[in-house]
$ cat target01.cif   # mmCIF, C-alpha atoms and all ligand atoms
data_data
#
loop_
_atom_site.group_PDB
_atom_site.id
_atom_site.type_symbol
_atom_site.label_atom_id
_atom_site.label_comp_id
_atom_site.auth_asym_id
_atom_site.auth_seq_id
_atom_site.Cartn_x
_atom_site.Cartn_y
_atom_site.Cartn_z
ATOM 1 C CA MET A 1 90.932 -27.115 -126.275
ATOM 2 C CA SER A 2 93.714 -25.057 -127.775
ATOM 3 C CA ASP A 3 93.832 -21.290 -127.454
ATOM 4 C CA LEU A 4 93.457 -21.124 -131.227
ATOM 5 C CA TYR A 5 90.079 -22.863 -130.998
ATOM 6 C CA ARG A 6 89.042 -20.670 -128.080
ATOM 7 C CA TYR A 7 89.890 -17.576 -130.053
ATOM 8 C CA ALA A 8 88.053 -18.899 -133.096
ATOM 9 C CA TYR A 9 84.781 -19.546 -131.343
ATOM 10 C CA MET A 10 84.886 -16.341 -129.338
ATOM 11 C CA GLU A 11 85.266 -14.523 -132.641
ATOM 12 C CA ASP A 12 82.431 -16.551 -134.120
ATOM 13 C CA LYS A 13 80.114 -15.482 -131.307
ATOM 14 C CA HIS A 14 80.371 -11.897 -132.377
ATOM 15 C CA LYS A 15 79.332 -12.910 -135.866
ATOM 16 C CA GLY A 16 76.236 -14.583 -134.429
ATOM 17 C CA PRO A 17 76.722 -18.276 -135.295
ATOM 18 C CA LYS A 18 73.603 -20.353 -135.006
ATOM 19 C CA LEU A 19 73.442 -22.939 -132.266
ATOM 20 C CA ASP A 20 72.292 -26.520 -132.596
ATOM 21 C CA PRO A 21 72.025 -27.389 -128.869
ATOM 22 C CA LYS A 22 72.674 -31.095 -128.352
ATOM 23 C CA CYS A 23 71.268 -30.897 -124.803
ATOM 24 C CA LEU A 24 67.847 -29.964 -126.142
ATOM 25 C CA LYS A 25 67.851 -32.884 -128.564
ATOM 26 C CA GLY A 26 68.858 -35.543 -126.048
ATOM 27 C CA GLU A 27 72.222 -35.984 -127.711
ATOM 28 C CA LEU A 28 74.226 -34.806 -124.677
ATOM 29 C CA GLY A 29 73.175 -35.486 -121.104
ATOM 30 C CA PHE A 30 73.646 -33.488 -117.935
ATOM 31 C CA ALA A 31 76.949 -33.692 -116.094
ATOM 32 C CA VAL A 32 78.392 -32.897 -112.675
ATOM 33 C CA ASP A 33 81.489 -30.786 -112.254
ATOM 34 C CA ASN A 34 84.199 -31.245 -109.633
ATOM 35 C CA ARG A 35 82.467 -28.724 -107.373
ATOM 36 C CA GLY A 36 79.339 -30.858 -107.084
ATOM 37 C CA ARG A 37 77.249 -28.691 -109.389
ATOM 38 C CA LEU A 38 74.849 -29.894 -112.037
ATOM 39 C CA ILE A 39 75.954 -28.564 -115.421
ATOM 40 C CA PRO A 40 74.048 -28.711 -118.720
ATOM 41 C CA CYS A 41 76.533 -31.097 -120.343
ATOM 42 C CA CYS A 42 80.160 -32.202 -120.156
ATOM 43 C CA LYS A 43 81.071 -29.633 -122.816
ATOM 44 C CA SER A 44 80.033 -26.816 -120.540
ATOM 45 C CA ASP A 45 82.680 -27.852 -117.987
ATOM 46 C CA ASP A 46 84.994 -25.329 -119.587
ATOM 47 C CA LYS A 47 87.167 -22.849 -117.733
ATOM 48 C CA ASN A 48 85.951 -20.036 -119.988
ATOM 49 C CA ASN A 49 82.475 -20.551 -118.590
ATOM 50 C CA ASP A 50 83.705 -19.581 -115.105
ATOM 51 C CA TYR A 51 83.918 -16.029 -116.430
ATOM 52 C CA ASP A 52 80.766 -16.170 -118.525
ATOM 53 C CA GLU A 53 77.870 -14.044 -117.274
ATOM 54 C CA ILE A 54 75.219 -16.539 -118.359
ATOM 55 C CA PHE A 55 76.980 -19.446 -116.687
ATOM 56 C CA GLN A 56 77.612 -17.441 -113.532
ATOM 57 C CA LYS A 57 73.852 -17.000 -113.104
ATOM 58 C CA LEU A 58 73.241 -20.724 -113.437
ATOM 59 C CA MET A 59 75.830 -22.115 -111.037
ATOM 60 C CA PRO A 60 74.614 -20.752 -107.669
ATOM 61 C CA VAL A 61 71.329 -22.698 -108.027
ATOM 62 C CA SER A 62 73.059 -25.823 -109.320
ATOM 63 C CA VAL A 63 74.761 -27.157 -106.183
ATOM 64 C CA ILE A 64 73.398 -30.682 -105.921
ATOM 65 C CA SER A 65 73.859 -31.014 -102.138
ATOM 66 C CA ARG A 66 71.543 -28.041 -101.566
ATOM 67 C CA ASN A 67 68.654 -29.712 -103.393
ATOM 68 C CA ASN A 68 66.550 -32.782 -102.722
ATOM 69 C CA LYS A 69 66.555 -33.938 -106.299
ATOM 70 C CA ILE A 70 67.932 -32.980 -109.705
ATOM 71 C CA GLU A 71 64.468 -31.960 -110.898
ATOM 72 C CA ASP A 72 64.442 -29.202 -108.258
ATOM 73 C CA ILE A 73 67.457 -27.638 -109.977
ATOM 74 C CA LEU A 74 65.974 -28.012 -113.445
ATOM 75 C CA GLU A 75 62.764 -26.315 -112.296
ATOM 76 C CA THR A 76 64.543 -23.141 -111.147
ATOM 77 C CA LYS A 77 63.878 -19.995 -113.134
ATOM 78 C CA GLU A 78 67.597 -19.827 -113.922
ATOM 79 C CA TRP A 79 67.665 -23.235 -115.630
ATOM 80 C CA LYS A 80 64.392 -22.603 -117.449
ATOM 81 C CA ALA A 81 65.770 -19.314 -118.724
ATOM 82 C CA PHE A 82 69.000 -21.023 -119.742
ATOM 83 C CA HIS A 83 67.183 -23.561 -121.901
ATOM 84 C CA ARG A 84 64.825 -20.943 -123.355
ATOM 85 C CA ASN A 85 67.789 -18.771 -124.284
ATOM 86 C CA LEU A 86 69.555 -21.596 -126.095
ATOM 87 C CA LEU A 87 66.645 -21.618 -128.525
ATOM 88 C CA LYS A 88 67.205 -17.888 -129.056
ATOM 89 C CA ASN A 89 70.892 -18.398 -129.740
ATOM 90 C CA ILE A 90 71.907 -16.909 -126.381
ATOM 91 C CA ALA A 91 74.414 -19.127 -124.588
ATOM 92 C CA PRO A 92 77.707 -19.308 -122.714
ATOM 93 C CA ASN A 93 80.829 -19.153 -124.825
ATOM 94 C CA ALA A 94 81.528 -22.881 -124.678
ATOM 95 C CA CYS A 95 78.241 -23.611 -126.455
ATOM 96 C CA TYR A 96 79.323 -21.669 -129.525
ATOM 97 C CA TYR A 97 82.187 -24.052 -129.950
ATOM 98 C CA ALA A 98 80.542 -27.308 -128.891
ATOM 99 C CA CYS A 99 77.142 -26.848 -130.520
ATOM 100 C CA LYS A 100 77.679 -24.522 -133.406
ATOM 101 C CA ALA A 101 75.189 -25.403 -136.135
ATOM 102 C CA GLY A 102 76.431 -26.819 -139.386
ATOM 103 C CA LYS A 103 79.479 -28.611 -138.059
ATOM 104 C CA SER A 104 80.603 -31.416 -140.239
ATOM 105 C CA GLY A 105 83.147 -34.182 -140.468
ATOM 106 C CA LEU A 106 85.898 -34.187 -137.839
ATOM 107 C CA GLU A 107 84.392 -31.206 -136.036
ATOM 108 C CA LYS A 108 81.385 -33.275 -134.978
ATOM 109 C CA GLN A 109 81.081 -35.295 -131.801
ATOM 110 C CA VAL A 110 79.489 -38.704 -132.065
ATOM 111 C CA ASN A 111 78.291 -40.376 -128.869
ATOM 112 C CA THR A 112 78.452 -44.144 -128.831
ATOM 113 C CA THR A 113 77.129 -46.427 -126.099
ATOM 114 C CA ILE A 114 78.968 -49.722 -125.717
ATOM 115 C CA ASP A 115 77.911 -52.636 -123.521
ATOM 116 C CA PRO A 116 80.841 -52.991 -121.081
ATOM 117 C CA ASN A 117 80.312 -56.735 -120.762
ATOM 118 C CA THR A 118 80.058 -57.691 -124.409
ATOM 119 C CA GLY A 119 81.678 -54.776 -126.215
ATOM 120 C CA GLU A 120 78.576 -54.588 -128.396
ATOM 121 C CA VAL A 121 77.696 -51.153 -129.748
ATOM 122 C CA LYS A 122 74.257 -50.455 -128.290
ATOM 123 C CA ASP A 123 73.634 -47.024 -129.681
ATOM 124 C CA LYS A 124 75.498 -44.748 -132.014
ATOM 125 C CA GLY A 125 74.333 -41.162 -131.993
ATOM 126 C CA PRO A 126 73.638 -39.156 -135.125
ATOM 127 C CA GLU A 127 76.659 -38.157 -137.197
HETATM 128 S S1 LIG A 201 77.458 -27.007 -125.152
HETATM 129 FE FE1 LIG A 201 75.742 -25.712 -124.589
HETATM 130 S S2 LIG A 201 74.205 -25.999 -126.193
HETATM 131 FE FE2 LIG A 201 75.701 -27.647 -126.354
HETATM 132 S S3 LIG A 201 74.834 -29.344 -125.201
HETATM 133 FE FE3 LIG A 201 76.157 -28.201 -123.816
HETATM 134 S S4 LIG A 201 74.844 -26.713 -122.811
HETATM 135 FE FE4 LIG A 201 73.747 -27.485 -124.579
#
$ encode --input "target01.cif" --output "structure tokens"
Amino acid sequence: MSDLYRYAYMEDKHKGPKLDPKCLKGELGFAVDNRGRLIPCCKSDDKNNDYDEIFQKLMPVSVISRNNKIEDILETKEWKAFHRNLLKNIAPNACYYACKAGKSGLEKQVNTTIDPNTGEVKDKGPE
């Protein structure tokens, strides 16, 4: 992501852009970062989030090796609060870029699932 984009969405946050969280609609799945932590989605693996207060609260309880199963992480009060806050438009900085409501055209991410054996498009997410 270019610094121009970073600047743009940081500015947007102060104007209160509405979020359309893809993680709450099943359009983006969980991910794992290179420190072995469960993260809400691949888009949240963003260096700006390392300095984000909301994200900093989430990461200490997200180390996969310290839990028996992923559900144990998702059941923590930190993750429940994270998801609740998304619905209230409270989120780490990266979310305001990745899931800003009302994106259109080239700004939008479309997730496509392709069968690796046949090349057949199995599922094409909403555009
Ligand atoms: S960027 Fe934020 S709101 Fe969007 S899917 Fe990821 S965690 Fe959810």
$ residues_near_ligand --input "target01.cif" --ligand "ligand LIG 201 (chain A)" --cutoff "12 Å" --atoms "only C-alpha atoms and all ligand atoms" --output "VMD selection string"
chain A and resid 18 to 31 38 to 46 49 54 to 55 58 79 82 to 101 108 to 109
$ axis_aligned_box --input "target01.cif" --around "stretch 79-90 of chain A" --padding-each-side "5 Å" --output "JSON"
{"center_x": 68.1, "center_y": -20.2, "center_z": -122.7, "size_x": 17.5, "size_y": 16.7, "size_z": 24.1}
$ atom_distance --input "target01.cif" --atom1 "atom CA of A:Glu78" --atom2 "atom CA of A:Val63"
12.8 Å
$ residues_around --input "target01.cif" --residues "A:Lys122" --least-positions-apart "5" --cutoff "12 Å" --atoms "all atoms listed in the file" --output "mmCIF file with C-alpha atoms, in the coordinates of the input"
data_model
loop_
_atom_site.group_PDB
_atom_site.id
_atom_site.type_symbol
_atom_site.label_atom_id
_atom_site.label_comp_id
_atom_site.auth_asym_id
_atom_site.auth_seq_id
_atom_site.Cartn_x
_atom_site.Cartn_y
_atom_site.Cartn_z
ATOM 1 C CA ASN A 111 78.291 -40.376 -128.869
ATOM 2 C CA THR A 112 78.452 -44.144 -128.831
ATOM 3 C CA THR A 113 77.129 -46.427 -126.099
ATOM 4 C CA ILE A 114 78.968 -49.722 -125.717
ATOM 5 C CA ASP A 115 77.911 -52.636 -123.521
ATOM 6 C CA PRO A 116 80.841 -52.991 -121.081
ATOM 7 C CA ASN A 117 80.312 -56.735 -120.762
#
$ residues_around --input "target01.cif" --residues "A:Asn67" --least-positions-apart "6" --cutoff "12 Å" --atoms "only C-alpha atoms" --output "list in words"
Gly36, Arg37, Leu38, Pro60, Val61, Ile73, Leu74, Glu75 and Thr76 of chain A
$ atom_distance --input "target01.cif" --atom1 "atom CA of A:Ile64" --atom2 "atom CA of A:Asp123"
28.8 Å
$ atom_distance --input "target01.cif" --atom1 "atom CA of A:Asn34" --atom2 "atom CA of A:Arg66"
15.3 Å
$ closest_residue --input "target01.cif" --among "A:Pro17, A:Ala81, A:Val121, A:Asp33" --to "A:Asp50" --atoms "all atoms listed in the file"
A:Asp33
$ decode --input "target01.cif" --residues "stretch 32-77 of chain A" --atoms "C-alpha atoms" --output "PDB file, in the first residue's frame"
ATOM      1  CA  VAL A  32      -2.205 -16.140  10.501  1.00  0.00           C
ATOM      2  CA  ASP A  33       0.642 -13.668  10.583  1.00  0.00           C
ATOM      3  CA  ASN A  34       4.351 -14.487  10.515  1.00  0.00           C
ATOM      4  CA  ARG A  35       4.465 -14.377  14.315  1.00  0.00           C
ATOM      5  CA  GLY A  36       2.016 -17.261  14.653  1.00  0.00           C
ATOM      6  CA  ARG A  37      -0.909 -15.086  15.697  1.00  0.00           C
ATOM      7  CA  LEU A  38      -4.481 -15.419  14.535  1.00  0.00           C
ATOM      8  CA  ILE A  39      -5.548 -12.190  12.840  1.00  0.00           C
ATOM      9  CA  PRO A  40      -9.055 -11.190  11.725  1.00  0.00           C
ATOM     10  CA  CYS A  41      -8.178 -11.277   8.020  1.00  0.00           C
ATOM     11  CA  CYS A  42      -5.232 -10.958   5.648  1.00  0.00           C
ATOM     12  CA  LYS A  43      -5.950  -7.238   5.269  1.00  0.00           C
ATOM     13  CA  SER A  44      -5.255  -6.667   8.928  1.00  0.00           C
ATOM     14  CA  ASP A  45      -1.672  -7.913   8.481  1.00  0.00           C
ATOM     15  CA  ASP A  46      -0.636  -4.308   8.013  1.00  0.00           C
ATOM     16  CA  LYS A  47       2.352  -2.648   9.633  1.00  0.00           C
ATOM     17  CA  ASN A  48       0.191   0.299  10.692  1.00  0.00           C
ATOM     18  CA  ASN A  49      -1.779  -2.063  12.894  1.00  0.00           C
ATOM     19  CA  ASP A  50       1.346  -2.768  14.976  1.00  0.00           C
ATOM     20  CA  TYR A  51       0.926   0.743  16.359  1.00  0.00           C
ATOM     21  CA  ASP A  52      -2.854   0.663  16.571  1.00  0.00           C
ATOM     22  CA  GLU A  53      -4.296   0.608  20.091  1.00  0.00           C
ATOM     23  CA  ILE A  54      -7.207  -1.645  19.152  1.00  0.00           C
ATOM     24  CA  PHE A  55      -4.965  -4.161  17.420  1.00  0.00           C
ATOM     25  CA  GLN A  56      -2.456  -4.103  20.261  1.00  0.00           C
ATOM     26  CA  LYS A  57      -5.178  -5.309  22.639  1.00  0.00           C
ATOM     27  CA  LEU A  58      -6.079  -8.197  20.359  1.00  0.00           C
ATOM     28  CA  MET A  59      -2.653  -9.653  19.622  1.00  0.00           C
ATOM     29  CA  PRO A  60      -1.530 -10.848  23.085  1.00  0.00           C
ATOM     30  CA  VAL A  61      -4.480 -13.293  23.238  1.00  0.00           C
ATOM     31  CA  SER A  62      -4.051 -14.388  19.626  1.00  0.00           C
ATOM     32  CA  VAL A  63      -0.889 -16.507  19.797  1.00  0.00           C
ATOM     33  CA  ILE A  64      -2.023 -19.826  18.365  1.00  0.00           C
ATOM     34  CA  SER A  65       0.592 -21.959  20.168  1.00  0.00           C
ATOM     35  CA  ARG A  66      -0.746 -20.797  23.542  1.00  0.00           C
ATOM     36  CA  ASN A  67      -4.243 -22.102  22.806  1.00  0.00           C
ATOM     37  CA  ASN A  68      -5.698 -25.551  22.271  1.00  0.00           C
ATOM     38  CA  LYS A  69      -7.902 -24.508  19.411  1.00  0.00           C
ATOM     39  CA  ILE A  70      -8.786 -21.457  17.331  1.00  0.00           C
ATOM     40  CA  GLU A  71     -12.210 -21.241  18.974  1.00  0.00           C
ATOM     41  CA  ASP A  72     -10.492 -20.559  22.314  1.00  0.00           C
ATOM     42  CA  ILE A  73      -9.024 -17.381  20.820  1.00  0.00           C
ATOM     43  CA  LEU A  74     -12.306 -16.316  19.252  1.00  0.00           C
ATOM     44  CA  GLU A  75     -14.085 -16.756  22.591  1.00  0.00           C
ATOM     45  CA  THR A  76     -11.795 -14.321  24.430  1.00  0.00           C
ATOM     46  CA  LYS A  77     -13.335 -11.070  25.591  1.00  0.00           C
TER      47      LYS A  77
END
